[in-house]
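What's in entry-v4.cif: mmCIF, N, CA and C atoms
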```cif
data_model
#
loop_
_atom_site.label_atom_id
_atom_site.label_comp_id
_atom_site.auth_asym_id
_atom_site.auth_seq_id
_atom_site.Cartn_x
_atom_site.Cartn_y
_atom_site.Cartn_z
N MET A 1 0.82 -1.17 0.00
CA MET A 1 0.00 0.00 0.00
C MET A 1 0.88 1.25 0.00
N ASN A 2 2.02 1.15 0.66
CA ASN A 2 2.93 2.29 0.65
C ASN A 2 3.41 2.59 -0.76
N LEU A 3 3.54 1.57 -1.58
CA LEU A 3 3.96 1.74 -2.97
C LEU A 3 3.02 2.69 -3.71
N HIS A 4 1.74 2.64 -3.38
CA HIS A 4 0.74 3.47 -4.03
C HIS A 4 0.43 4.75 -3.26
N GLY A 5 1.21 5.02 -2.21
CA GLY A 5 1.02 6.24 -1.44
C GLY A 5 -0.16 6.18 -0.48
N LEU A 6 -0.59 4.96 -0.16
CA LEU A 6 -1.71 4.79 0.76
C LEU A 6 -1.19 4.43 2.14
N PRO A 7 -1.86 4.90 3.17
CA PRO A 7 -1.41 4.55 4.52
C PRO A 7 -1.64 3.08 4.82
N GLY A 8 -0.92 2.56 5.79
CA GLY A 8 -1.11 1.17 6.20
C GLY A 8 -2.50 0.95 6.76
N VAL A 9 -2.96 -0.27 6.69
CA VAL A 9 -4.30 -0.62 7.16
C VAL A 9 -4.17 -1.64 8.28
N SER A 10 -4.94 -1.44 9.33
CA SER A 10 -4.90 -2.39 10.44
C SER A 10 -5.60 -3.68 10.04
N ASN A 11 -5.33 -4.75 10.77
CA ASN A 11 -5.99 -6.02 10.50
C ASN A 11 -7.50 -5.90 10.66
N THR A 12 -7.94 -5.07 11.62
CA THR A 12 -9.37 -4.88 11.83
C THR A 12 -10.01 -4.26 10.60
N ALA A 13 -9.37 -3.25 10.04
CA ALA A 13 -9.90 -2.60 8.85
C ALA A 13 -9.92 -3.57 7.67
N MET A 14 -8.89 -4.40 7.56
CA MET A 14 -8.84 -5.37 6.47
C MET A 14 -9.98 -6.38 6.62
N MET A 15 -10.20 -6.88 7.83
CA MET A 15 -11.27 -7.85 8.04
C MET A 15 -12.64 -7.22 7.77
N GLU A 16 -12.80 -5.97 8.13
CA GLU A 16 -14.07 -5.28 7.86
C GLU A 16 -14.30 -5.16 6.35
N ALA A 17 -13.25 -4.84 5.61
CA ALA A 17 -13.36 -4.73 4.15
C ALA A 17 -13.70 -6.09 3.54
N ILE A 18 -13.10 -7.14 4.07
CA ILE A 18 -13.33 -8.48 3.53
C ILE A 18 -14.79 -8.89 3.69
N THR A 19 -15.42 -8.49 4.78
CA THR A 19 -16.82 -8.86 4.99
C THR A 19 -17.78 -8.00 4.20
N ASP A 20 -17.35 -6.80 3.79
CA ASP A 20 -18.25 -5.87 3.11
C ASP A 20 -18.06 -5.78 1.60
N LEU A 21 -16.89 -6.10 1.11
CA LEU A 21 -16.57 -5.92 -0.31
C LEU A 21 -16.43 -7.27 -1.01
N PRO A 22 -16.68 -7.29 -2.32
CA PRO A 22 -16.45 -8.52 -3.07
C PRO A 22 -14.96 -8.89 -3.06
N PRO A 23 -14.64 -10.18 -3.06
CA PRO A 23 -13.24 -10.60 -2.99
C PRO A 23 -12.35 -9.99 -4.07
N ILE A 24 -12.85 -9.80 -5.27
CA ILE A 24 -12.00 -9.23 -6.33
C ILE A 24 -11.60 -7.79 -6.01
N VAL A 25 -12.48 -7.05 -5.37
CA VAL A 25 -12.17 -5.68 -4.96
C VAL A 25 -11.13 -5.71 -3.84
N VAL A 26 -11.30 -6.61 -2.89
CA VAL A 26 -10.33 -6.75 -1.79
C VAL A 26 -8.96 -7.11 -2.34
N SER A 27 -8.90 -8.01 -3.32
CA SER A 27 -7.60 -8.41 -3.88
C SER A 27 -6.91 -7.23 -4.55
N ASP A 28 -7.66 -6.42 -5.27
CA ASP A 28 -7.07 -5.24 -5.89
C ASP A 28 -6.67 -4.19 -4.85
N LEU A 29 -7.51 -4.01 -3.85
CA LEU A 29 -7.27 -2.99 -2.84
C LEU A 29 -6.04 -3.29 -2.00
N PHE A 30 -5.87 -4.55 -1.60
CA PHE A 30 -4.77 -4.92 -0.72
C PHE A 30 -3.61 -5.60 -1.43
N GLY A 31 -3.74 -5.82 -2.74
CA GLY A 31 -2.65 -6.41 -3.49
C GLY A 31 -2.41 -7.87 -3.17
N ILE A 32 -3.49 -8.60 -2.93
CA ILE A 32 -3.37 -10.03 -2.65
C ILE A 32 -3.99 -10.82 -3.80
N HIS A 33 -3.66 -12.09 -3.88
CA HIS A 33 -4.19 -12.93 -4.95
C HIS A 33 -5.70 -13.07 -4.78
N PRO A 34 -6.46 -13.05 -5.88
CA PRO A 34 -7.92 -13.20 -5.78
C PRO A 34 -8.37 -14.45 -5.04
N ASN A 35 -7.65 -15.57 -5.20
CA ASN A 35 -8.02 -16.80 -4.48
C ASN A 35 -7.86 -16.63 -2.97
N THR A 36 -6.84 -15.88 -2.56
CA THR A 36 -6.64 -15.61 -1.15
C THR A 36 -7.77 -14.75 -0.61
N ALA A 37 -8.14 -13.73 -1.36
CA ALA A 37 -9.25 -12.86 -0.94
C ALA A 37 -10.55 -13.64 -0.85
N TYR A 38 -10.77 -14.55 -1.77
CA TYR A 38 -11.98 -15.37 -1.74
C TYR A 38 -11.99 -16.28 -0.51
N ALA A 39 -10.84 -16.90 -0.22
CA ALA A 39 -10.75 -17.77 0.95
C ALA A 39 -10.99 -16.98 2.23
N TRP A 40 -10.41 -15.79 2.33
CA TRP A 40 -10.62 -14.96 3.51
C TRP A 40 -12.10 -14.59 3.64
N ALA A 41 -12.73 -14.29 2.53
CA ALA A 41 -14.16 -13.94 2.56
C ALA A 41 -14.99 -15.12 3.06
N GLN A 42 -14.60 -16.33 2.68
CA GLN A 42 -15.31 -17.51 3.15
C GLN A 42 -15.14 -17.69 4.66
N TYR A 43 -13.93 -17.45 5.15
CA TYR A 43 -13.68 -17.58 6.59
C TYR A 43 -14.42 -16.51 7.39
N ALA A 44 -14.58 -15.33 6.80
CA ALA A 44 -15.17 -14.19 7.52
C ALA A 44 -16.65 -14.02 7.24
N GLN A 45 -17.27 -14.96 6.58
CA GLN A 45 -18.67 -14.81 6.18
C GLN A 45 -19.57 -14.59 7.38
N ASN A 46 -20.61 -13.82 7.15
CA ASN A 46 -21.58 -13.51 8.19
C ASN A 46 -22.78 -14.44 8.16
N SER A 47 -22.87 -15.24 7.14
CA SER A 47 -24.05 -16.07 6.95
C SER A 47 -23.86 -17.44 7.58
N TRP A 48 -24.91 -17.90 8.24
CA TRP A 48 -24.91 -19.24 8.81
C TRP A 48 -25.68 -20.21 7.91
N ALA A 49 -26.05 -19.78 6.72
CA ALA A 49 -26.89 -20.58 5.84
C ALA A 49 -26.28 -21.94 5.52
N GLU A 50 -25.00 -21.97 5.17
CA GLU A 50 -24.36 -23.25 4.83
C GLU A 50 -24.32 -24.18 6.04
N TYR A 51 -24.03 -23.64 7.19
CA TYR A 51 -24.00 -24.45 8.40
C TYR A 51 -25.38 -25.03 8.70
N LEU A 52 -26.40 -24.19 8.64
CA LEU A 52 -27.76 -24.65 8.93
C LEU A 52 -28.23 -25.70 7.93
N GLU A 53 -27.86 -25.51 6.67
CA GLU A 53 -28.22 -26.48 5.64
C GLU A 53 -27.56 -27.83 5.92
N ALA A 54 -26.30 -27.81 6.30
CA ALA A 54 -25.57 -29.05 6.60
C ALA A 54 -26.16 -29.75 7.80
N VAL A 55 -26.54 -29.00 8.81
CA VAL A 55 -27.13 -29.60 10.02
C VAL A 55 -28.47 -30.21 9.70
N GLN A 56 -29.28 -29.55 8.90
CA GLN A 56 -30.60 -30.06 8.57
C GLN A 56 -30.51 -31.31 7.70
N SER A 57 -29.50 -31.38 6.83
CA SER A 57 -29.39 -32.52 5.94
C SER A 57 -28.93 -33.79 6.67
N THR A 58 -28.35 -33.65 7.85
CA THR A 58 -27.91 -34.83 8.61
C THR A 58 -28.96 -35.33 9.58
N ASP A 59 -30.05 -34.60 9.75
CA ASP A 59 -31.12 -35.03 10.66
C ASP A 59 -31.97 -36.11 10.10
#
```
Let me see the file written as structure tokens.
Amino acid sequence: MNLHGLPGVSNTAMMEAITDLPPIVVSDLFGIHPNTAYAWAQYAQNSWAEYLEAVQSTD
């Protein structure tokens, strides 16, 4: 980010961006690989839908 004249970003700000922005935007914004941004978005997801679906399918 310093390369582009932008101030450093805290981990909290990065995690907030990951939950609010599409992964491709996060990858461009922070200079990380799109697959990494996608994986981070999956880890930080706010939705419990997949978990609930998995629990219901095992009942």
(request) Considering all atoms listed in the file, return as a ChimeraX atom specification whatever protein or nucleic-acid residues lie within 5 Å of Ala37 (chain A), sequence-local ones (same chain, fewer than 4 positions apart) excluded. (result) /A:23,33,41
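Reported to one decimal place, the separation of CA of Gln56 (chain A) from atom C of Gln42 (chain A) is 20.2 Å.
You will find atom N of Glu16 (chain A) at 20.4 Å from CA of Ala49 (chain A).
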(message) To test your reading of the syntax: which residues would the PyMOL selection byres (((chain A and resi 18 and name CA) around 12) and name CA) return for the file shown? Reply as a PyMOL selection string.
(response) chain A and resi 11-17+19-30+32+34+36-46
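The interatomic distance for the pair atom C of Val55 (chain A) and atom C of Asn35 (chain A) works out to 27.7 Å.
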